[in-house]
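Asks: For reference, this is data-v3.txt, and it has compact mmCIF, C-alpha atoms.
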```txt
# COMPACT_ATOMS: atom_id res chain seq x y z
CA MET A 1 -5.60 2.10 7.33
CA LEU A 2 -4.51 1.21 10.82
CA ILE A 3 -4.51 -1.84 13.05
CA PHE A 4 -5.94 -1.72 16.55
CA ARG A 5 -5.90 -4.03 19.53
CA SER A 6 -9.68 -4.05 19.97
CA GLU A 7 -13.02 -2.57 18.93
CA GLU A 8 -12.82 -0.25 21.94
CA HIS A 9 -9.53 1.17 20.68
CA ILE A 10 -11.08 1.79 17.24
CA GLU A 11 -14.01 3.61 18.84
CA LYS A 12 -11.68 5.77 20.97
CA TRP A 13 -9.53 6.62 17.92
CA CYS A 14 -12.63 7.63 15.94
CA ARG A 15 -13.81 9.84 18.83
CA ASP A 16 -10.36 11.43 19.16
CA TRP A 17 -10.21 12.20 15.42
CA ARG A 18 -13.91 13.13 15.25
CA LEU A 19 -14.43 10.66 12.45
CA PRO A 20 -17.32 8.28 11.99
CA ARG A 21 -16.48 4.64 12.35
CA GLY A 22 -15.38 3.18 9.00
CA ALA A 23 -15.09 -0.47 7.98
CA THR A 24 -13.30 -3.15 9.94
CA LEU A 25 -11.60 -6.26 8.65
CA SER A 26 -10.11 -9.20 10.46
CA VAL A 27 -6.37 -9.56 9.99
CA GLU A 28 -7.10 -12.56 7.78
CA GLN A 29 -9.43 -10.49 5.59
CA ALA A 30 -6.88 -7.67 5.40
CA TRP A 31 -4.21 -10.13 4.27
CA LYS A 32 -6.49 -11.55 1.58
CA LEU A 33 -7.25 -8.03 0.37
CA ALA A 34 -3.55 -7.08 0.33
CA ASP A 35 -2.65 -10.28 -1.49
CA ALA A 36 -5.34 -9.84 -4.14
CA TRP A 37 -4.57 -6.12 -4.60
CA TYR A 38 -0.78 -6.19 -4.70
CA ARG A 39 0.27 -9.70 -5.76
CA ASP A 40 0.89 -8.65 -9.37
CA ARG A 41 2.28 -5.14 -8.77
CA LEU A 42 5.81 -5.99 -9.97
CA SER A 43 4.63 -7.39 -13.28
CA PRO A 44 5.58 -5.28 -16.32
CA ASP A 45 2.05 -5.94 -17.53
CA TRP A 46 0.43 -4.52 -14.39
CA ARG A 47 -2.04 -1.73 -14.96
CA ARG A 48 -4.32 0.08 -12.56
CA ARG A 49 -7.68 -1.62 -12.08
CA ASN A 50 -10.69 0.21 -13.39
CA VAL A 51 -13.65 0.77 -11.09
CA ASP A 52 -15.52 -2.34 -12.24
CA GLU A 53 -12.44 -4.53 -11.76
CA ALA A 54 -11.83 -3.12 -8.29
CA HIS A 55 -15.48 -3.68 -7.34
CA GLU A 56 -15.24 -7.28 -8.57
CA LEU A 57 -12.13 -7.84 -6.46
CA PHE A 58 -13.86 -6.38 -3.39
CA ARG A 59 -16.97 -8.46 -4.11
CA SER A 60 -14.89 -11.65 -4.33
CA LEU A 61 -13.71 -10.94 -0.79
CA GLY A 62 -17.19 -10.21 0.50
CA LEU A 63 -16.67 -6.44 0.65
CA THR A 64 -19.98 -5.40 -0.86
CA SER A 65 -21.24 -2.59 1.37
CA GLU A 66 -21.54 1.03 0.23
CA PHE A 67 -18.22 1.72 2.01
CA TRP A 68 -16.34 -0.21 -0.70
CA LYS A 69 -17.92 1.55 -3.67
CA LEU A 70 -15.37 3.62 -5.59
CA ALA A 71 -17.96 5.54 -7.61
CA MET B 1 4.62 10.98 -23.34
CA PRO B 2 4.29 7.36 -24.58
CA ASP B 3 2.72 4.90 -22.16
CA ASP B 4 5.54 2.48 -22.92
CA PHE B 5 8.14 4.89 -21.51
CA LYS B 6 6.05 5.57 -18.42
CA ASN B 7 5.75 1.83 -17.85
CA ARG B 8 9.51 1.42 -18.23
CA VAL B 9 9.99 4.12 -15.59
CA ARG B 10 7.49 2.43 -13.28
CA VAL B 11 9.03 -1.02 -13.65
CA ARG B 12 12.59 0.29 -13.19
CA LEU B 13 11.54 2.35 -10.17
CA TYR B 14 10.14 -0.69 -8.37
CA LYS B 15 13.13 -2.85 -9.38
CA MET B 16 15.59 -0.29 -8.02
CA PHE B 17 13.50 0.27 -4.87
CA LEU B 18 13.78 -3.44 -4.10
CA GLU B 19 17.45 -3.77 -5.04
CA LEU B 20 18.60 -0.67 -3.19
CA GLY B 21 16.40 -1.12 -0.13
CA ARG B 22 15.33 2.52 -0.52
CA CYS B 23 13.50 4.62 -3.03
CA PRO B 24 15.69 5.81 -5.92
CA SER B 25 15.64 9.46 -6.94
CA SER B 26 14.43 10.61 -10.35
CA ALA B 27 18.09 11.17 -11.26
CA GLU B 28 18.98 7.60 -10.34
CA VAL B 29 16.10 6.20 -12.41
CA ALA B 30 17.10 8.44 -15.33
CA ALA B 31 20.69 7.21 -15.13
CA ALA B 32 19.52 3.61 -15.09
CA LEU B 33 17.33 4.21 -18.16
CA GLN B 34 19.97 6.41 -19.85
CA CYS B 35 17.50 9.23 -20.41
CA PRO B 36 17.23 12.87 -19.29
CA VAL B 37 16.10 13.50 -15.72
CA PRO B 38 13.24 15.82 -16.78
CA GLU B 39 11.70 13.00 -18.82
CA VAL B 40 11.60 10.80 -15.74
CA ALA B 41 10.18 13.68 -13.70
CA VAL B 42 7.37 14.09 -16.25
CA ALA B 43 6.73 10.34 -16.17
CA PHE B 44 6.54 10.50 -12.36
CA ARG B 45 3.97 13.31 -12.63
CA ASP B 46 1.90 11.46 -15.23
CA LEU B 47 1.94 8.25 -13.18
CA ALA B 48 0.94 10.22 -10.09
CA ALA B 49 -1.90 11.87 -12.00
CA ALA B 50 -3.09 8.37 -12.89
CA HIS B 51 -2.92 7.38 -9.18
CA MET B 52 -0.12 4.90 -9.87
CA LEU B 53 2.42 6.75 -7.68
CA VAL B 54 2.30 9.50 -5.05
CA LEU B 55 4.88 12.30 -5.15
CA GLN B 56 6.36 14.46 -2.42
CA PRO B 57 4.73 17.90 -2.73
CA GLY B 58 7.94 19.92 -2.65
CA SER B 59 10.62 17.96 -4.48
CA GLY B 60 8.44 15.97 -6.86
CA GLU B 61 10.33 12.85 -5.84
CA ILE B 62 8.48 9.65 -4.92
CA LEU B 63 6.54 9.53 -1.66
CA MET B 64 4.66 6.30 -2.30
CA ALA B 65 5.26 3.57 -4.85
CA ASN B 66 2.41 1.58 -3.35
CA PRO B 67 2.64 -0.55 -1.37
CA LEU B 68 6.12 0.80 -0.58
CA SER B 69 6.74 4.07 1.23
CA ALA B 70 9.81 6.15 0.40
CA VAL B 71 9.80 7.69 3.87
CA PRO B 72 9.79 6.04 7.29
CA THR B 73 6.38 5.07 8.59
CA ALA B 74 4.93 3.16 11.53
CA PHE B 75 4.71 0.03 9.35
CA VAL B 76 8.06 -1.71 9.07
CA VAL B 77 8.02 -4.77 6.84
CA GLU B 78 10.64 -7.45 7.27
CA THR B 79 10.77 -10.16 4.62
CA HIS B 80 12.59 -13.46 4.45
CA ALA B 81 14.94 -13.68 1.49
CA ASP B 82 17.64 -16.15 0.51
CA THR B 83 20.20 -13.39 0.98
CA GLY B 84 19.00 -12.64 4.52
CA PRO B 85 16.37 -10.40 6.07
CA ARG B 86 15.34 -7.23 4.24
CA SER B 87 13.14 -4.43 5.49
CA TRP B 88 10.90 -1.80 3.93
CA TYR B 89 8.25 0.68 4.96
CA GLY B 90 4.60 0.25 4.02
CA ASN B 91 2.22 3.20 3.80
CA CYS B 92 -0.43 1.62 6.06
CA ILE B 93 -1.30 -1.82 7.37
CA TRP B 94 -2.94 -2.76 4.04
CA ASP B 95 0.14 -1.69 2.10
CA ALA B 96 2.54 -3.27 4.60
CA LEU B 97 0.82 -6.62 4.07
CA GLY B 98 0.87 -5.76 0.37
CA VAL B 99 4.67 -5.59 0.39
CA ILE B 100 4.74 -9.19 1.61
CA ALA B 101 2.16 -10.17 -1.03
CA MET B 102 4.02 -8.36 -3.80
CA LEU B 103 7.31 -10.05 -2.94
CA GLN B 104 5.58 -13.44 -2.58
CA ARG B 105 7.62 -14.51 0.38
CA GLY B 106 7.10 -14.75 4.14
CA GLY B 107 7.52 -11.75 6.35
CA GLN B 108 6.21 -9.70 9.21
CA VAL B 109 4.89 -6.21 9.82
CA LEU B 110 6.23 -4.43 12.91
CA THR B 111 3.70 -1.82 13.92
CA SER B 112 1.60 -0.60 16.83
CA CYS B 113 -2.00 -0.06 17.83
CA GLY B 114 -3.28 3.09 16.11
CA CYS B 115 -4.91 4.15 19.36
CA CYS B 116 -2.61 3.35 22.27
CA GLY B 117 0.74 2.59 20.60
CA GLU B 118 1.05 -0.93 21.98
CA SER B 119 3.56 -2.89 19.90
CA MET B 120 1.96 -5.30 17.42
CA THR B 121 3.42 -7.78 14.94
CA VAL B 122 1.56 -9.28 12.00
CA SER B 123 3.30 -12.31 10.52
CA VAL B 124 2.68 -14.05 7.21
CA ASP B 125 4.10 -17.50 6.60
CA LYS B 126 3.08 -19.72 3.68
CA GLY B 127 -0.03 -17.62 3.17
CA LYS B 128 -1.14 -17.88 6.80
CA VAL B 129 -1.41 -14.62 8.74
CA GLU B 130 -1.29 -14.05 12.49
CA ALA B 131 -1.28 -10.90 14.62
CA LYS B 132 0.31 -10.73 18.06
CA PRO B 133 -1.44 -9.47 20.04
CA PRO B 134 -4.64 -10.12 18.08
CA GLY B 135 -5.89 -7.07 16.20
CA ILE B 136 -8.56 -5.58 13.96
CA VAL B 137 -7.90 -3.52 10.83
CA HIS B 138 -9.88 -0.30 10.46
CA PHE B 139 -10.47 1.59 7.21
CA ALA B 140 -11.56 5.07 8.27
CA ILE B 141 -12.24 6.57 4.85
CA PRO B 142 -14.84 5.18 2.41
CA ALA B 143 -13.32 3.86 -0.81
CA ARG B 144 -14.65 6.65 -3.04
CA HIS B 145 -12.73 9.18 -0.94
CA TRP B 146 -9.39 7.34 -0.65
CA TRP B 147 -7.66 9.66 -3.11
CA ASP B 148 -9.09 12.87 -1.64
CA ASP B 149 -6.18 12.84 0.84
CA ILE B 150 -4.09 9.78 0.16
CA VAL B 151 -1.45 10.72 2.73
CA PHE B 152 -3.97 10.81 5.59
CA ASN B 153 -5.68 7.72 4.23
```
Now, as a test, write the supplied structure out as structure tokens.
Replies:
Amino acid sequence: MLIFRSEEHIEKWCRDWRLPRGATLSVEQAWKLADAWYRDRLSPDWRRRNVDEAHELFRSLGLTSEFWKLA
Amino acid sequence: MPDDFKNRVRVRLYKMFLELGRCPSSAEVAAALQCPVPEVAVAFRDLAAAHMLVLQPGSGEILMANPLSAVPTAFVVETHADTGPRSWYGNCIWDALGVIAMLQRGGQVLTSCGCCGESMTVSVDKGKVEAKPPGIVHFAIPARHWWDDIVFN
């Protein structure tokens, strides 16, 4: 997951790597995702989210497209 | 291997990573837990198999204790601590922001545009995030394929 200066730079990177365009997030959205995903990682009680839990987290952030489906 | 031991290894690994400012070796974790090195190595492998860590392919030592990277990357994270500034490496922009989230303190990610290399800084202060210059985050690989090649991802 990379950060780019503009949509044009994303499109050029995708062309250069011969990859289809993926999903884009604003920096604010990326921060909210990082915060939700990693906030509790140092807890001794942390455990890896199962697929349903991960989907619920994505859904809570509005990430509901097929791109965000883990299975 | 009991899950309780694997969790002790995981928790100690992260604690030492943060205290040392670098990733500890399996030998260092074993010494801290007063257990044989091979037991820690097996725990590393089990945790990696469960996608809770990523190991270096040759040595079997840690490559990623997400969101932290054990090796230098293009995502330097500087955090604000009472004891002064600290820095880490994140695995990607998501993980770099994740380091700040995990530590629950302000900080900034020093990185660059994935296309042209222009310097970029993403700052987080009191939960508010700002990129200079403004930027857009791109996820190239669909979620179901993230672990197909986690290093590229």
Asks: Dump as an mmCIF file with C-alpha atoms, keeping the file's coordinate frame the residues of chain A that approach chain B to within 8 Å, counting all atoms listed in the file.
Replies:
```
data_model
loop_
_atom_site.group_PDB
_atom_site.id
_atom_site.type_symbol
_atom_site.label_atom_id
_atom_site.label_comp_id
_atom_site.auth_asym_id
_atom_site.auth_seq_id
_atom_site.Cartn_x
_atom_site.Cartn_y
_atom_site.Cartn_z
ATOM 1 C CA MET A 1 -5.600 2.100 7.330
ATOM 2 C CA LEU A 2 -4.510 1.210 10.820
ATOM 3 C CA ILE A 3 -4.510 -1.840 13.050
ATOM 4 C CA PHE A 4 -5.940 -1.720 16.550
ATOM 5 C CA ARG A 5 -5.900 -4.030 19.530
ATOM 6 C CA SER A 6 -9.680 -4.050 19.970
ATOM 7 C CA GLU A 7 -13.020 -2.570 18.930
ATOM 8 C CA HIS A 9 -9.530 1.170 20.680
ATOM 9 C CA ILE A 10 -11.080 1.790 17.240
ATOM 10 C CA LYS A 12 -11.680 5.770 20.970
ATOM 11 C CA TRP A 13 -9.530 6.620 17.920
ATOM 12 C CA LEU A 19 -14.430 10.660 12.450
ATOM 13 C CA PRO A 20 -17.320 8.280 11.990
ATOM 14 C CA ARG A 21 -16.480 4.640 12.350
ATOM 15 C CA GLY A 22 -15.380 3.180 9.000
ATOM 16 C CA ALA A 23 -15.090 -0.470 7.980
ATOM 17 C CA THR A 24 -13.300 -3.150 9.940
ATOM 18 C CA LEU A 25 -11.600 -6.260 8.650
ATOM 19 C CA SER A 26 -10.110 -9.200 10.460
ATOM 20 C CA VAL A 27 -6.370 -9.560 9.990
ATOM 21 C CA GLU A 28 -7.100 -12.560 7.780
ATOM 22 C CA ALA A 30 -6.880 -7.670 5.400
ATOM 23 C CA TRP A 31 -4.210 -10.130 4.270
ATOM 24 C CA LEU A 33 -7.250 -8.030 0.370
ATOM 25 C CA ALA A 34 -3.550 -7.080 0.330
ATOM 26 C CA ASP A 35 -2.650 -10.280 -1.490
ATOM 27 C CA TRP A 37 -4.570 -6.120 -4.600
ATOM 28 C CA TYR A 38 -0.780 -6.190 -4.700
ATOM 29 C CA ARG A 39 0.270 -9.700 -5.760
ATOM 30 C CA ASP A 40 0.890 -8.650 -9.370
ATOM 31 C CA ARG A 41 2.280 -5.140 -8.770
ATOM 32 C CA LEU A 42 5.810 -5.990 -9.970
ATOM 33 C CA SER A 43 4.630 -7.390 -13.280
ATOM 34 C CA PRO A 44 5.580 -5.280 -16.320
ATOM 35 C CA ARG A 48 -4.320 0.080 -12.560
ATOM 36 C CA PHE A 67 -18.220 1.720 2.010
ATOM 37 C CA TRP A 68 -16.340 -0.210 -0.700
ATOM 38 C CA LYS A 69 -17.920 1.550 -3.670
ATOM 39 C CA LEU A 70 -15.370 3.620 -5.590
ATOM 40 C CA ALA A 71 -17.960 5.540 -7.610
#
```
Asks: Atom CA of B:Pro72 to atom CA of B:Ser26: how many Å, to one decimal?
Replies: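 So the answer is 18.8 Å.
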Asks: What's the separation between atom CA of B:Pro57 and atom CA of B:Pro38, in Å to one decimal place?
Replies: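 Separation between atom CA of B:Pro57 and atom CA of B:Pro38: 16.6 Å.
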Asks: Up to 12 Å from (4.1, 12.8, -16.3) in the file's coordinates: name the residues, counting only C-alpha atoms, as a CSV table (one decimal) with C-alpha atoms, in the coordinates of the input.
Replies:
```
chain,number,residue,atom,x,y,z
B,1,MET,CA,4.6,11.0,-23.3
B,2,PRO,CA,4.3,7.4,-24.6
B,3,ASP,CA,2.7,4.9,-22.2
B,5,PHE,CA,8.1,4.9,-21.5
B,6,LYS,CA,6.0,5.6,-18.4
B,7,ASN,CA,5.8,1.8,-17.8
B,9,VAL,CA,10.0,4.1,-15.6
B,10,ARG,CA,7.5,2.4,-13.3
B,38,PRO,CA,13.2,15.8,-16.8
B,39,GLU,CA,11.7,13.0,-18.8
B,40,VAL,CA,11.6,10.8,-15.7
B,41,ALA,CA,10.2,13.7,-13.7
B,42,VAL,CA,7.4,14.1,-16.2
B,43,ALA,CA,6.7,10.3,-16.2
B,44,PHE,CA,6.5,10.5,-12.4
B,45,ARG,CA,4.0,13.3,-12.6
B,46,ASP,CA,1.9,11.5,-15.2
B,47,LEU,CA,1.9,8.2,-13.2
B,48,ALA,CA,0.9,10.2,-10.1
B,49,ALA,CA,-1.9,11.9,-12.0
B,50,ALA,CA,-3.1,8.4,-12.9
B,51,HIS,CA,-2.9,7.4,-9.2
B,52,MET,CA,-0.1,4.9,-9.9
B,53,LEU,CA,2.4,6.8,-7.7
B,54,VAL,CA,2.3,9.5,-5.0
B,55,LEU,CA,4.9,12.3,-5.2
B,60,GLY,CA,8.4,16.0,-6.9
```
Asks: Can you measure atom CA of A:His55 to atom CA of B:Tyr89 for me? One decimal in Å is fine.
Replies: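 Separation of atom CA of A:His55 and atom CA of B:Tyr89: 27.1 Å.
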Asks: Residues within 10 Å of B:Ser87, please, as a list in words. Count all atoms listed in the file; anything in the same chain fewer than 4 positions from it doesn't count.
Replies: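 My list of contacting residues is Leu18, Gly21, Arg22, Val76, Val77, Glu78, Thr79, His80, Val99, Gly107, Gln108 and Val109 of chain B.
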Asks: Take every atom of stretch 48-65 of chain A listed in the file, fit an axis-aligned box around them, add 5 Å per side, and give the centre and edge lengths in Å to one decimal as AutoDock Vina command-line options.
Replies:
```
--center_x -12.8 --center_y -5.4 --center_z -6.0 --size_x 26.9 --size_y 22.4 --size_z 24.8
```
Asks: So that I can look at just that part, could you write stretch 80-98 of chain B with N, CA, C and O atoms, as a PDB file, in the first residue's frame?
Replies:
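Result went into result.pdb, see below:
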```pdb
ATOM      1  N   HIS B  80       6.080  10.879  18.951  1.00  0.00           N
ATOM      2  CA  HIS B  80       6.375  11.808  20.031  1.00  0.00           C
ATOM      3  C   HIS B  80       6.216  11.062  21.353  1.00  0.00           C
ATOM      4  O   HIS B  80       5.136  10.597  21.664  1.00  0.00           O
ATOM      5  N   ALA B  81       7.308  10.947  22.086  1.00  0.00           N
ATOM      6  CA  ALA B  81       7.246  10.277  23.388  1.00  0.00           C
ATOM      7  C   ALA B  81       7.805  11.218  24.438  1.00  0.00           C
ATOM      8  O   ALA B  81       8.523  12.168  24.140  1.00  0.00           O
ATOM      9  N   ASP B  82       7.453  10.932  25.702  1.00  0.00           N
ATOM     10  CA  ASP B  82       7.937  11.766  26.806  1.00  0.00           C
ATOM     11  C   ASP B  82       9.464  11.760  26.853  1.00  0.00           C
ATOM     12  O   ASP B  82      10.091  12.731  27.268  1.00  0.00           O
ATOM     13  N   THR B  83      10.061  10.665  26.425  1.00  0.00           N
ATOM     14  CA  THR B  83      11.508  10.529  26.510  1.00  0.00           C
ATOM     15  C   THR B  83      12.214  11.093  25.277  1.00  0.00           C
ATOM     16  O   THR B  83      13.429  10.975  25.148  1.00  0.00           O
ATOM     17  N   GLY B  84      11.430  11.693  24.353  1.00  0.00           N
ATOM     18  CA  GLY B  84      12.023  12.256  23.148  1.00  0.00           C
ATOM     19  C   GLY B  84      11.537  11.500  21.925  1.00  0.00           C
ATOM     20  O   GLY B  84      10.806  10.530  22.030  1.00  0.00           O
ATOM     21  N   PRO B  85      11.944  11.972  20.745  1.00  0.00           N
ATOM     22  CA  PRO B  85      11.455  11.336  19.521  1.00  0.00           C
ATOM     23  C   PRO B  85      11.993   9.921  19.359  1.00  0.00           C
ATOM     24  O   PRO B  85      13.122   9.625  19.747  1.00  0.00           O
ATOM     25  N   ARG B  86      11.169   9.038  18.840  1.00  0.00           N
ATOM     26  CA  ARG B  86      11.566   7.675  18.510  1.00  0.00           C
ATOM     27  C   ARG B  86      11.207   7.437  17.058  1.00  0.00           C
ATOM     28  O   ARG B  86      10.314   8.067  16.522  1.00  0.00           O
ATOM     29  N   SER B  87      11.879   6.502  16.415  1.00  0.00           N
ATOM     30  CA  SER B  87      11.532   6.214  15.027  1.00  0.00           C
ATOM     31  C   SER B  87      11.512   4.714  14.780  1.00  0.00           C
ATOM     32  O   SER B  87      12.186   3.933  15.480  1.00  0.00           O
ATOM     33  N   TRP B  88      10.710   4.324  13.806  1.00  0.00           N
ATOM     34  CA  TRP B  88      10.480   2.935  13.440  1.00  0.00           C
ATOM     35  C   TRP B  88      10.319   2.866  11.937  1.00  0.00           C
ATOM     36  O   TRP B  88      10.214   3.888  11.277  1.00  0.00           O
ATOM     37  N   TYR B  89      10.229   1.669  11.417  1.00  0.00           N
ATOM     38  CA  TYR B  89       9.850   1.489  10.017  1.00  0.00           C
ATOM     39  C   TYR B  89       8.500   0.785   9.963  1.00  0.00           C
ATOM     40  O   TYR B  89       8.286  -0.210  10.683  1.00  0.00           O
ATOM     41  N   GLY B  90       7.615   1.285   9.099  1.00  0.00           N
ATOM     42  CA  GLY B  90       6.369   0.583   8.804  1.00  0.00           C
ATOM     43  C   GLY B  90       6.534  -0.186   7.505  1.00  0.00           C
ATOM     44  O   GLY B  90       7.406   0.115   6.691  1.00  0.00           O
ATOM     45  N   ASN B  91       5.669  -1.188   7.299  1.00  0.00           N
ATOM     46  CA  ASN B  91       5.785  -2.020   6.102  1.00  0.00           C
ATOM     47  C   ASN B  91       5.203  -1.349   4.863  1.00  0.00           C
ATOM     48  O   ASN B  91       5.593  -1.684   3.736  1.00  0.00           O
ATOM     49  N   CYS B  92       4.259  -0.448   5.056  1.00  0.00           N
ATOM     50  CA  CYS B  92       3.577   0.251   3.960  1.00  0.00           C
ATOM     51  C   CYS B  92       2.924   1.469   4.589  1.00  0.00           C
ATOM     52  O   CYS B  92       3.048   1.680   5.798  1.00  0.00           O
ATOM     53  N   ILE B  93       2.209   2.258   3.799  1.00  0.00           N
ATOM     54  CA  ILE B  93       1.614   3.459   4.390  1.00  0.00           C
ATOM     55  C   ILE B  93       0.543   3.098   5.421  1.00  0.00           C
ATOM     56  O   ILE B  93       0.427   3.754   6.460  1.00  0.00           O
ATOM     57  N   TRP B  94      -0.222   2.027   5.148  1.00  0.00           N
ATOM     58  CA  TRP B  94      -1.233   1.581   6.134  1.00  0.00           C
ATOM     59  C   TRP B  94      -0.536   1.196   7.441  1.00  0.00           C
ATOM     60  O   TRP B  94      -0.926   1.636   8.535  1.00  0.00           O
ATOM     61  N   ASP B  95       0.495   0.389   7.348  1.00  0.00           N
ATOM     62  CA  ASP B  95       1.182  -0.045   8.562  1.00  0.00           C
ATOM     63  C   ASP B  95       1.893   1.126   9.251  1.00  0.00           C
ATOM     64  O   ASP B  95       1.949   1.185  10.484  1.00  0.00           O
ATOM     65  N   ALA B  96       2.465   2.024   8.472  1.00  0.00           N
ATOM     66  CA  ALA B  96       3.167   3.161   9.086  1.00  0.00           C
ATOM     67  C   ALA B  96       2.192   3.983   9.935  1.00  0.00           C
ATOM     68  O   ALA B  96       2.500   4.368  11.065  1.00  0.00           O
ATOM     69  N   LEU B  97       0.996   4.226   9.389  1.00  0.00           N
ATOM     70  CA  LEU B  97      -0.031   4.903  10.193  1.00  0.00           C
ATOM     71  C   LEU B  97      -0.457   4.004  11.355  1.00  0.00           C
ATOM     72  O   LEU B  97      -0.786   4.488  12.443  1.00  0.00           O
ATOM     73  N   GLY B  98      -0.403   2.701  11.128  1.00  0.00           N
ATOM     74  CA  GLY B  98      -0.747   1.752  12.183  1.00  0.00           C
ATOM     75  C   GLY B  98       0.216   1.797  13.357  1.00  0.00           C
ATOM     76  O   GLY B  98      -0.179   1.541  14.502  1.00  0.00           O
TER      77      GLY B  98
END
```
